[in-house]
file work-v4.txt (compact mmCIF, C-alpha atoms and all ligand atoms)
# COMPACT_ATOMS: atom_id res chain seq x y z
CA MET A 25 4.16 77.89 240.18
CA SER A 26 5.66 77.33 236.70
CA GLY A 27 9.27 76.35 236.64
CA ALA A 28 9.43 76.64 240.43
CA SER A 29 11.10 73.30 240.98
CA SER A 30 13.96 71.28 239.49
CA PHE A 31 11.62 68.31 239.39
CA ALA A 32 8.46 67.74 237.44
CA TYR A 33 5.70 65.24 236.92
CA VAL A 34 4.94 65.23 233.21
CA THR A 35 1.96 63.91 231.30
CA LEU A 36 0.66 64.15 227.76
CA VAL A 37 -2.75 64.97 226.27
CA THR A 38 -3.55 65.08 222.58
CA ASN A 39 -7.35 65.05 222.66
CA GLN A 40 -10.34 65.77 224.84
CA ASP A 41 -10.62 62.28 226.25
CA TYR A 42 -7.17 62.33 227.74
CA ILE A 43 -7.96 65.75 229.26
CA LYS A 44 -10.33 63.82 231.52
CA GLY A 45 -7.55 61.45 232.43
CA ALA A 46 -5.10 64.27 233.10
CA THR A 47 -7.65 66.01 235.33
CA ALA A 48 -7.89 62.96 237.60
CA LEU A 49 -4.10 62.52 237.52
CA VAL A 50 -3.46 66.13 238.53
CA HIS A 51 -6.06 65.95 241.30
CA SER A 52 -4.37 62.78 242.55
CA LEU A 53 -0.90 64.37 242.52
CA ARG A 54 -2.26 67.29 244.55
CA TRP A 55 -3.51 64.85 247.20
CA THR A 56 0.07 63.53 247.54
CA ARG A 57 1.17 67.08 248.51
CA THR A 58 4.11 67.04 246.13
CA GLN A 59 5.98 70.31 245.64
CA ALA A 60 7.27 69.32 242.20
CA ASP A 61 5.94 71.04 239.08
CA ILE A 62 3.16 69.33 237.19
CA VAL A 63 3.63 69.71 233.44
CA VAL A 64 1.05 68.85 230.81
CA LEU A 65 2.39 68.47 227.29
CA TYR A 66 -0.42 69.05 224.80
CA THR A 67 -0.81 69.11 221.04
CA GLY A 68 -2.48 71.75 218.87
CA ALA A 69 -6.12 70.80 218.42
CA LEU A 70 -7.28 71.01 222.03
CA ASP A 71 -10.14 73.14 223.26
CA ARG A 72 -8.95 76.33 224.99
CA ALA A 73 -11.55 75.99 227.76
CA ASP A 74 -10.31 72.48 228.61
CA LEU A 75 -6.73 73.68 228.75
CA HIS A 76 -7.78 76.60 230.88
CA ARG A 77 -9.35 74.28 233.43
CA LEU A 78 -6.13 72.26 233.65
CA ALA A 79 -4.07 75.42 234.04
CA ALA A 80 -6.40 76.50 236.85
CA LEU A 81 -5.28 73.40 238.78
CA GLY A 82 -1.80 74.91 238.83
CA CYS A 83 -0.25 72.89 236.00
CA ARG A 84 2.31 74.20 233.61
CA LEU A 85 0.97 73.69 230.09
CA ILE A 86 3.45 73.26 227.27
CA GLU A 87 2.34 72.91 223.66
CA VAL A 88 4.33 70.34 221.70
CA ALA A 89 4.43 69.37 218.05
CA HIS A 90 4.51 65.82 216.83
CA LEU A 91 8.05 64.57 216.37
CA PRO A 92 9.69 65.35 213.03
CA LEU A 93 9.40 61.80 211.68
CA SER A 94 9.28 60.66 208.07
CA ASP A 95 5.95 60.08 206.30
CA GLU A 96 6.91 56.42 205.96
CA PHE A 97 7.45 56.10 209.70
CA ASN A 98 4.13 57.80 210.41
CA GLU A 99 2.34 55.57 207.94
CA ARG A 100 3.76 52.40 209.50
CA HIS A 101 2.56 53.57 212.92
CA GLY A 102 -0.90 54.78 211.85
CA ARG A 103 -3.74 53.31 213.94
CA SER A 104 -5.21 50.84 211.45
CA LYS A 105 -1.82 49.75 210.08
CA LEU A 106 -0.45 49.15 213.55
CA HIS A 107 -3.54 47.31 214.78
CA GLN A 108 -3.39 45.11 211.69
CA LYS A 109 0.31 44.34 211.96
CA ALA A 110 0.45 43.92 215.73
CA PRO A 111 -3.11 43.17 216.91
CA PHE A 112 -4.12 43.76 220.53
CA THR A 113 -5.36 40.38 221.72
CA LYS A 114 -5.50 40.90 225.49
CA GLY A 115 -7.54 44.05 225.81
CA ARG A 116 -9.17 46.74 223.73
CA LYS A 117 -7.90 50.21 222.92
CA PRO A 118 -10.50 52.98 222.88
CA SER A 119 -11.26 54.61 219.52
CA PHE A 120 -9.80 57.91 220.75
CA HIS A 121 -6.34 56.35 221.13
CA THR A 122 -3.94 57.35 218.32
CA PRO A 123 -0.73 55.29 218.56
CA LEU A 124 1.41 57.87 216.80
CA ASP A 125 0.60 60.44 219.49
CA ASN A 126 2.37 58.28 222.08
CA PHE A 127 5.75 59.23 220.64
CA CYS A 128 5.18 62.84 221.80
CA LYS A 129 6.13 61.56 225.27
CA LEU A 130 9.74 61.76 224.11
CA ARG A 131 9.44 65.58 224.13
CA LEU A 132 10.02 65.27 227.86
CA TRP A 133 13.77 65.04 227.11
CA GLU A 134 13.58 68.63 225.85
CA LEU A 135 12.51 69.98 229.26
CA THR A 136 16.09 70.69 230.28
CA GLU A 137 15.08 73.19 232.96
CA TYR A 138 14.37 70.11 235.08
CA LYS A 139 16.95 67.78 236.62
CA ARG A 140 14.60 64.85 236.64
CA CYS A 141 11.11 64.18 235.36
CA ILE A 142 8.65 61.46 236.18
CA PHE A 143 6.44 60.81 233.20
CA ILE A 144 2.99 59.45 233.99
CA ASP A 145 0.33 58.48 231.44
CA ALA A 146 -2.86 60.53 231.58
CA ASP A 147 -4.82 57.33 232.31
CA ALA A 148 -3.13 56.80 235.69
CA ILE A 149 -3.67 58.13 239.22
CA VAL A 150 -1.08 58.48 241.98
CA LEU A 151 -2.34 57.11 245.27
CA ARG A 152 0.71 57.82 247.45
CA ASN A 153 3.58 60.28 247.29
CA ILE A 154 6.30 59.03 244.91
CA ASP A 155 8.65 62.05 245.08
CA ARG A 156 11.52 59.80 246.08
CA LEU A 157 11.73 58.66 242.46
CA PHE A 158 13.24 62.08 241.66
CA ASP A 159 16.44 60.76 243.30
CA TYR A 160 16.49 57.72 241.02
CA PRO A 161 18.67 57.57 237.91
CA GLU A 162 17.58 57.46 234.30
CA PHE A 163 15.99 55.16 233.15
CA CYS A 164 13.55 53.58 235.59
CA ALA A 165 10.21 51.95 234.84
CA ALA A 166 8.08 49.17 236.28
CA PRO A 167 7.47 45.89 234.46
CA ASN A 168 4.47 45.45 232.18
CA VAL A 169 2.85 42.88 234.47
CA TYR A 170 -0.82 41.96 234.16
CA GLU A 171 -1.06 38.33 233.16
CA SER A 172 1.96 36.08 233.58
CA LEU A 173 5.58 35.77 234.65
CA GLU A 174 6.69 36.47 231.10
CA ASP A 175 5.40 40.01 231.55
CA PHE A 176 8.40 40.80 233.77
CA ARG A 177 10.61 40.84 230.69
CA ARG A 178 9.08 44.04 229.40
CA LEU A 179 8.69 47.50 230.84
CA ASN A 180 5.52 49.54 230.82
CA SER A 181 6.02 53.12 229.66
CA GLY A 182 3.03 54.51 231.58
CA LEU A 183 5.49 55.68 234.24
CA PHE A 184 9.19 56.32 233.91
CA VAL A 185 11.98 58.37 235.47
CA ALA A 186 14.12 60.33 233.01
CA GLU A 187 16.71 63.07 232.82
CA PRO A 188 15.96 65.72 230.20
CA ASN A 189 18.87 66.18 227.83
CA ILE A 190 18.89 67.45 224.24
CA GLU A 191 21.62 65.05 223.18
CA THR A 192 19.56 62.14 224.40
CA PHE A 193 16.53 63.56 222.60
CA ASN A 194 18.43 63.86 219.31
CA ALA A 195 19.88 60.38 219.69
CA MET A 196 16.33 59.09 220.17
CA LEU A 197 15.07 60.78 217.02
CA ALA A 198 17.92 59.25 215.03
CA ALA A 199 17.32 55.79 216.50
CA LEU A 200 13.57 55.97 215.92
CA ASP A 201 13.30 56.81 212.27
CA GLN A 202 15.30 54.10 210.55
CA PRO A 203 14.22 52.56 207.25
CA ASP A 204 11.51 49.99 208.03
CA SER A 205 11.72 50.59 211.80
CA PHE A 206 8.53 49.42 213.45
CA PHE A 207 7.66 49.64 217.16
CA PRO A 208 4.54 47.52 217.72
CA ARG A 209 3.83 49.11 221.13
CA THR A 210 5.14 52.52 220.04
CA ASP A 211 7.11 54.49 222.69
CA GLN A 212 7.07 51.47 225.02
CA THR A 213 8.85 49.17 222.58
CA PHE A 214 11.19 51.98 221.62
CA LEU A 215 12.17 52.91 225.19
CA GLN A 216 12.87 49.30 226.07
CA LEU A 217 15.26 49.04 223.10
CA PHE A 218 16.84 52.43 223.72
CA PHE A 219 17.46 51.70 227.41
CA PRO A 220 18.27 47.97 227.43
CA GLU A 221 19.71 48.35 230.97
CA TRP A 222 16.53 49.94 232.36
CA HIS A 223 16.18 49.88 236.14
CA GLY A 224 13.15 47.97 237.31
CA LEU A 225 10.81 49.57 239.83
CA PRO A 226 8.45 47.45 241.94
CA VAL A 227 5.18 46.70 240.14
CA TYR A 228 3.35 48.88 242.67
CA PHE A 229 4.78 52.01 241.07
CA ASN A 230 2.71 51.28 237.99
CA MET A 231 -0.01 48.80 238.91
CA LEU A 232 -1.93 47.84 235.80
CA GLN A 233 -5.68 47.57 236.22
CA TYR A 234 -5.87 44.04 234.74
CA VAL A 235 -3.89 42.71 237.72
CA TRP A 236 -7.12 43.20 239.69
CA PHE A 237 -8.80 40.25 237.96
CA LYS A 238 -5.93 38.43 236.21
CA LEU A 239 -3.39 38.23 239.08
CA PRO A 240 -5.40 39.11 242.22
CA ALA A 241 -2.77 37.61 244.53
CA LEU A 242 -0.44 40.44 243.56
CA TRP A 243 -2.87 43.17 244.52
CA ASP A 244 -2.30 45.06 247.75
CA TRP A 245 -3.92 48.43 248.33
CA GLN A 246 -1.37 49.22 251.04
CA SER A 247 1.45 48.97 248.49
CA VAL A 248 -0.07 50.38 245.29
CA ARG A 249 1.41 53.78 244.54
CA VAL A 250 0.26 54.39 241.00
CA LEU A 251 -2.81 52.80 239.44
CA HIS A 252 -2.74 52.68 235.66
CA PHE A 253 -5.83 52.04 233.53
CA GLN A 254 -4.12 50.40 230.58
CA TYR A 255 -6.41 49.36 227.66
CA GLU A 256 -10.01 50.40 228.46
CA LYS A 257 -10.37 53.80 230.13
CA PRO A 258 -12.36 54.47 233.32
CA TRP A 259 -14.15 57.44 231.74
CA GLU A 260 -15.48 55.43 228.78
CA PRO A 261 -19.27 55.33 229.29
CA ASP A 262 -19.27 51.59 228.81
CA HIS A 263 -16.62 49.03 227.98
CA PRO A 264 -16.22 45.23 228.09
CA LYS A 265 -14.36 45.20 231.43
CA VAL A 266 -16.64 47.56 233.40
CA GLU A 267 -17.97 44.78 235.66
CA ASP A 268 -14.52 43.25 236.30
CA LEU A 269 -13.02 46.59 237.27
CA LYS A 270 -15.85 48.26 239.14
CA PRO A 271 -14.09 49.31 242.39
CA LEU A 272 -11.15 50.70 240.42
CA ILE A 273 -13.37 52.71 238.11
CA GLU A 274 -15.27 54.09 241.10
CA LEU A 275 -12.01 55.13 242.73
CA TRP A 276 -10.90 56.90 239.55
CA HIS A 277 -14.16 58.88 239.60
CA VAL A 278 -13.50 60.03 243.15
CA TYR A 279 -10.24 61.55 241.93
CA TYR A 280 -11.79 62.88 238.74
CA THR A 281 -14.61 64.79 240.44
CA GLY A 282 -12.23 65.86 243.19
CA GLN A 283 -15.05 66.38 245.67
CA ASP A 284 -14.42 63.76 248.34
CA ALA A 285 -11.20 62.71 250.02
CA PRO A 286 -10.11 59.39 248.50
CA GLU A 287 -10.09 56.60 251.07
CA ILE A 288 -7.45 54.15 249.96
CA ALA A 289 -7.04 52.82 253.50
CA ASN A 290 -10.57 51.40 253.36
CA MET A 291 -10.25 49.69 249.99
CA ARG A 292 -10.66 45.92 250.03
CA ASN A 293 -8.30 43.66 248.11
CA PRO A 294 -9.83 41.47 245.38
CA GLN A 295 -10.89 37.93 246.20
CA GLY A 296 -7.87 35.69 245.93
CA ALA A 297 -5.44 38.29 247.26
CA LEU A 298 -3.15 37.08 250.02
N1 LIG A 301 -2.04 59.74 224.55
C1 LIG A 301 -2.82 60.82 224.13
N2 LIG A 301 -3.59 60.66 223.00
C2 LIG A 301 -3.63 59.52 222.28
C3 LIG A 301 -2.85 58.43 222.70
C4 LIG A 301 -2.06 58.57 223.84
O1 LIG A 301 -2.84 61.88 224.77
O2 LIG A 301 -4.38 59.46 221.29
C5 LIG A 301 -1.17 59.89 225.75
C6 LIG A 301 -1.93 59.82 227.08
O3 LIG A 301 -1.15 60.46 228.08
C7 LIG A 301 -1.98 58.34 227.32
C8 LIG A 301 -0.58 57.90 226.87
O4 LIG A 301 -0.27 58.79 225.78
O5 LIG A 301 -2.24 58.02 228.68
C9 LIG A 301 -0.46 56.46 226.39
O6 LIG A 301 -1.66 55.95 225.81
P1 LIG A 301 -2.63 54.98 226.63
O7 LIG A 301 -2.51 55.32 228.06
O8 LIG A 301 -4.01 55.07 226.04
O9 LIG A 301 -2.03 53.54 226.34
P2 LIG A 301 -2.14 52.23 227.27
O10 LIG A 301 -1.71 52.61 228.65
O11 LIG A 301 -3.56 51.75 227.19
O12 LIG A 301 -1.17 51.28 226.61
MN MN A 302 -1.77 54.32 229.76
call {"tool": "encode", "arguments": {"input": "work-v4.txt", "output": "structure tokens"}}
result
Amino acid sequence: MSGASSFAYVTLVTNQDYIKGATALVHSLRWTRTQADIVVLYTGALDRADLHRLAALGCRLIEVAHLPLSDEFNERHGRSKLHQKAPFTKGRKPSFHTPLDNFCKLRLWELTEYKRCIFIDADAIVLRNIDRLFDYPEFCAAPNVYESLEDFRRLNSGLFVAEPNIETFNAMLAALDQPDSFFPRTDQTFLQLFFPEWHGLPVYFNMLQYVWFKLPALWDWQSVRVLHFQYEKPWEPDHPKVEDLKPLIELWHVYYTGQDAPEIANMRNPQGAL
């Protein structure tokens, strides 16, 4: 299976919690019947047994190091520093989320055996086949929409289409680690600056879970292709939005356990949807 295709779905896991996310994501990709490779980038400290289970799903596992960034850069982007300097006011990040780890996504540009990669966060599930994005150019992403019209100005880096290339990777490293550079939303802020001419995908390619209760009119199960659990995670035993997001969390668990066929066609739109 490894390296069988010129195209790959790529995700990232740096701790045990995101292994859960990646498990649901990989199950979901299998349901779409894609023939592309599924690559999991992972960092050093993970449990072998967990990695083994992911490999058994047919993924290609690739160990990656953190980027070679200066101590000053790393300090500025440490969890407590970042939360202090750029507080999250609209939702809550789980304690197992380490902002600095997000930058490891950029390792995707080193996977030059692939023509195109679609990166997907480990906290997302793919509900319908999205292989056609492999024909799209670099750099595509959907807008970071979950509250207001203003959100359309920014991209969300939970899903993007990219073309691996070492020159691009090196240019990114150079652009990242400048004196006093600070990216309040880490890779997301960086990618938006690095690709100012980013191509916008429809919101349904990266539907953020808060749309369910903040912008219900936008929700449409027939159109949603990728569902992304930004902020609180569906596998957290309890979190402040559990009641608001119940049907979405239940759906995630169907993919996570992988026992039943997911039934998107029977899902009901939220109240207030058109
Ligand atoms: N990630 C990870 N460990 C971390 C933080 C992030 O493995 O400590 C990876 C994981 O793939 C995750 C993505 O980076 O889905 C981005 O983080 P997250 O999805 O939690 O951010 P959000 O979507 O809530 O902004
Ligand atoms: Mn995410």
call {"tool": "residues_around", "arguments": {"input": "work-v4.txt", "residues": "region 261-268 of chain A", "least_positions_apart": "5", "cutoff": "9 Å", "atoms": "only C-alpha atoms", "output": "list in words"}}
result
Gly115, Arg116, Pro118, Tyr234, Trp236, Phe237, Glu256 and Ile273 of chain A
call {"tool": "residues_around", "arguments": {"input": "work-v4.txt", "residues": "Glu87 (chain A)", "least_positions_apart": "2", "cutoff": "9 Å", "atoms": "all atoms listed in the file", "output": "compact mmCIF listing (two decimals) with C-alpha atoms, in the coordinates of the input"}}
result
# COMPACT_ATOMS: atom_id res chain seq x y z
CA VAL A 64 1.05 68.85 230.81
CA LEU A 65 2.39 68.47 227.29
CA TYR A 66 -0.42 69.05 224.80
CA THR A 67 -0.81 69.11 221.04
CA GLY A 68 -2.48 71.75 218.87
CA LEU A 85 0.97 73.69 230.09
CA ALA A 89 4.43 69.37 218.05
call {"tool": "residues_near_ligand", "arguments": {"input": "work-v4.txt", "ligand": "ligand MN 302 (chain A)", "cutoff": "9 Å", "atoms": "only C-alpha atoms and all ligand atoms", "output": "count of residues only"}}
result
15
call {"tool": "atom_distance", "arguments": {"input": "work-v4.txt", "atom1": "CA of Leu93 (chain A)", "atom2": "CA of Leu49 (chain A)"}}
result
29.2 Å
call {"tool": "residues_around", "arguments": {"input": "work-v4.txt", "residues": "His277 (chain A)", "least_positions_apart": "2", "cutoff": "12 Å", "atoms": "only C-alpha atoms", "output": "list in words"}}
result
Lys44, Gly45, Thr47, Ala48, Leu49, His51, Ser52, Asp147, Ala148, Ile149, Lys257, Pro258, Trp259, Glu260, Lys270, Pro271, Leu272, Ile273, Glu274, Leu275, Tyr279, Tyr280, Thr281, Gly282, Gln283, Asp284, Ala285 and Pro286 of chain A
call {"tool": "closest_residue", "arguments": {"input": "work-v4.txt", "among": "A:Pro240, A:Gly102, A:Pro92, A:Pro123", "to": "ligand LIG 301 (chain A)", "atoms": "all atoms listed in the file"}}
result
A:Pro123
call {"tool": "atom_distance", "arguments": {"input": "work-v4.txt", "atom1": "CA of Leu70 (chain A)", "atom2": "atom N1 of ligand LIG 301 (chain A)"}}
result
12.7 Å
call {"tool": "axis_aligned_box", "arguments": {"input": "work-v4.txt", "around": "ligand LIG 301 (chain A)", "padding_each_side": "5 Å", "output": "lines of an AutoDock Vina configuration file"}}
result
center_x = -2.3
center_y = 56.6
center_z = 225.0
size_x = 14.1
size_y = 20.6
size_z = 17.4
call {"tool": "residues_near_point", "arguments": {"input": "work-v4.txt", "point": "(12.3, 47.6, 242.1)", "cutoff": "10 Å", "atoms": "only C-alpha atoms", "output": "number ranges by chain"}}
result
A: 164-167, 223-229
call {"tool": "write_last_selection", "arguments": {"input": "work-v4.txt", "atoms": "C-alpha atoms", "output": "CSV table (one decimal), in the coordinates of the input"}}
result
chain,number,residue,atom,x,y,z
A,164,CYS,CA,13.6,53.6,235.6
A,165,ALA,CA,10.2,52.0,234.8
A,166,ALA,CA,8.1,49.2,236.3
A,167,PRO,CA,7.5,45.9,234.5
A,223,HIS,CA,16.2,49.9,236.1
A,224,GLY,CA,13.2,48.0,237.3
A,225,LEU,CA,10.8,49.6,239.8
A,226,PRO,CA,8.4,47.4,241.9
A,227,VAL,CA,5.2,46.7,240.1
A,228,TYR,CA,3.4,48.9,242.7
A,229,PHE,CA,4.8,52.0,241.1
call {"tool": "residues_around", "arguments": {"input": "work-v4.txt", "residues": "region 200-205 of chain A", "least_positions_apart": "6", "cutoff": "12 Å", "atoms": "all atoms listed in the file", "output": "ChimeraX atom specification"}}
result
/A:91-101,127,130,193-194,211,213-215,217-218
call {"tool": "write_last_selection", "arguments": {"input": "work-v4.txt", "atoms": "C-alpha atoms", "output": "PDB file, keeping the file's coordinate frame"}}
result
ATOM      1  CA  LEU A  91       8.050  64.570 216.370  1.00  0.00           C
ATOM      2  CA  PRO A  92       9.690  65.350 213.030  1.00  0.00           C
ATOM      3  CA  LEU A  93       9.400  61.800 211.680  1.00  0.00           C
ATOM      4  CA  SER A  94       9.280  60.660 208.070  1.00  0.00           C
ATOM      5  CA  ASP A  95       5.950  60.080 206.300  1.00  0.00           C
ATOM      6  CA  GLU A  96       6.910  56.420 205.960  1.00  0.00           C
ATOM      7  CA  PHE A  97       7.450  56.100 209.700  1.00  0.00           C
ATOM      8  CA  ASN A  98       4.130  57.800 210.410  1.00  0.00           C
ATOM      9  CA  GLU A  99       2.340  55.570 207.940  1.00  0.00           C
ATOM     10  CA  ARG A 100       3.760  52.400 209.500  1.00  0.00           C
ATOM     11  CA  HIS A 101       2.560  53.570 212.920  1.00  0.00           C
ATOM     12  CA  PHE A 127       5.750  59.230 220.640  1.00  0.00           C
ATOM     13  CA  LEU A 130       9.740  61.760 224.110  1.00  0.00           C
ATOM     14  CA  PHE A 193      16.530  63.560 222.600  1.00  0.00           C
ATOM     15  CA  ASN A 194      18.430  63.860 219.310  1.00  0.00           C
ATOM     16  CA  ASP A 211       7.110  54.490 222.690  1.00  0.00           C
ATOM     17  CA  THR A 213       8.850  49.170 222.580  1.00  0.00           C
ATOM     18  CA  PHE A 214      11.190  51.980 221.620  1.00  0.00           C
ATOM     19  CA  LEU A 215      12.170  52.910 225.190  1.00  0.00           C
ATOM     20  CA  LEU A 217      15.260  49.040 223.100  1.00  0.00           C
ATOM     21  CA  PHE A 218      16.840  52.430 223.720  1.00  0.00           C
TER      22      PHE A 218
END
call {"tool": "closest_residue", "arguments": {"input": "work-v4.txt", "among": "A:Phe176, A:Phe184, A:Phe120, A:Phe143", "to": "ligand LIG 301 (chain A)", "atoms": "only C-alpha atoms and all ligand atoms"}}
result
A:Phe120
call {"tool": "atom_distance", "arguments": {"input": "work-v4.txt", "atom1": "CA of Tyr42 (chain A)", "atom2": "CA of Arg57 (chain A)"}}
result
22.9 Å
call {"tool": "closest_residue", "arguments": {"input": "work-v4.txt", "among": "A:Lys114, A:Arg54, A:Arg77, A:Arg72", "to": "Glu171 (chain A)", "atoms": "all atoms listed in the file"}}
result
A:Lys114
call {"tool": "closest_residue", "arguments": {"input": "work-v4.txt", "among": "A:Asn168, A:Ser29, A:Asn153, A:Thr56", "to": "ligand LIG 301 (chain A)", "atoms": "all atoms listed in the file"}}
result
A:Asn168
call {"tool": "build_atoms", "arguments": {"input": "work-v4.txt", "residues": "region 203-221 of chain A", "atoms": "N, CA, C and O atoms", "output": "short mmCIF file (atom, residue, chain, number, x, y, z; two decimals), in the coordinates of the input"}}
result
data_model
loop_
_atom_site.label_atom_id
_atom_site.label_comp_id
_atom_site.auth_asym_id
_atom_site.auth_seq_id
_atom_site.Cartn_x
_atom_site.Cartn_y
_atom_site.Cartn_z
N PRO A 203 15.04 53.19 208.29
CA PRO A 203 14.22 52.56 207.25
C PRO A 203 13.56 51.29 207.79
O PRO A 203 14.23 50.48 208.43
N ASP A 204 12.28 51.17 207.60
CA ASP A 204 11.51 49.99 208.03
C ASP A 204 11.40 49.80 209.55
O ASP A 204 10.94 48.76 210.01
N SER A 205 11.86 50.78 210.34
CA SER A 205 11.72 50.59 211.80
C SER A 205 10.24 50.52 212.15
O SER A 205 9.42 51.26 211.62
N PHE A 206 9.93 49.58 213.05
CA PHE A 206 8.53 49.42 213.45
C PHE A 206 8.49 49.07 214.93
O PHE A 206 9.14 48.12 215.37
N PHE A 207 7.75 49.84 215.71
CA PHE A 207 7.66 49.64 217.16
C PHE A 207 6.22 49.28 217.49
O PHE A 207 5.37 50.17 217.62
N PRO A 208 5.94 47.97 217.61
CA PRO A 208 4.54 47.52 217.72
C PRO A 208 3.80 48.17 218.89
O PRO A 208 2.61 48.42 218.80
N ARG A 209 4.49 48.44 220.00
CA ARG A 209 3.83 49.11 221.13
C ARG A 209 4.42 50.51 221.30
O ARG A 209 4.67 50.98 222.40
N THR A 210 4.68 51.12 220.19
CA THR A 210 5.14 52.52 220.04
C THR A 210 6.25 52.92 221.02
O THR A 210 7.28 52.27 221.08
N ASP A 211 6.03 53.98 221.81
CA ASP A 211 7.11 54.49 222.69
C ASP A 211 7.61 53.42 223.64
O ASP A 211 8.77 53.40 224.03
N GLN A 212 6.70 52.51 224.04
CA GLN A 212 7.07 51.47 225.02
C GLN A 212 8.12 50.53 224.45
O GLN A 212 9.15 50.25 225.08
N THR A 213 7.89 50.05 223.24
CA THR A 213 8.85 49.17 222.58
C THR A 213 10.15 49.93 222.34
O THR A 213 11.25 49.41 222.55
N PHE A 214 10.00 51.18 221.92
CA PHE A 214 11.19 51.98 221.62
C PHE A 214 12.04 52.19 222.88
O PHE A 214 13.25 52.00 222.86
N LEU A 215 11.41 52.61 223.97
CA LEU A 215 12.17 52.91 225.19
C LEU A 215 12.89 51.67 225.72
O LEU A 215 14.02 51.74 226.21
N GLN A 216 12.24 50.54 225.62
CA GLN A 216 12.87 49.30 226.07
C GLN A 216 14.14 48.99 225.27
O GLN A 216 15.14 48.53 225.81
N LEU A 217 14.08 49.28 223.95
CA LEU A 217 15.26 49.04 223.10
C LEU A 217 16.33 50.10 223.34
O LEU A 217 17.52 49.81 223.33
N PHE A 218 15.88 51.32 223.56
CA PHE A 218 16.84 52.43 223.72
C PHE A 218 17.56 52.35 225.06
O PHE A 218 18.70 52.78 225.19
N PHE A 219 16.86 51.84 226.07
CA PHE A 219 17.46 51.70 227.41
C PHE A 219 17.47 50.22 227.82
O PHE A 219 16.76 49.81 228.74
N PRO A 220 18.31 49.41 227.15
CA PRO A 220 18.27 47.97 227.43
C PRO A 220 18.61 47.65 228.90
O PRO A 220 18.19 46.64 229.43
N GLU A 221 19.34 48.57 229.56
CA GLU A 221 19.71 48.35 230.97
C GLU A 221 18.75 49.08 231.90
O GLU A 221 19.16 49.54 232.97
#
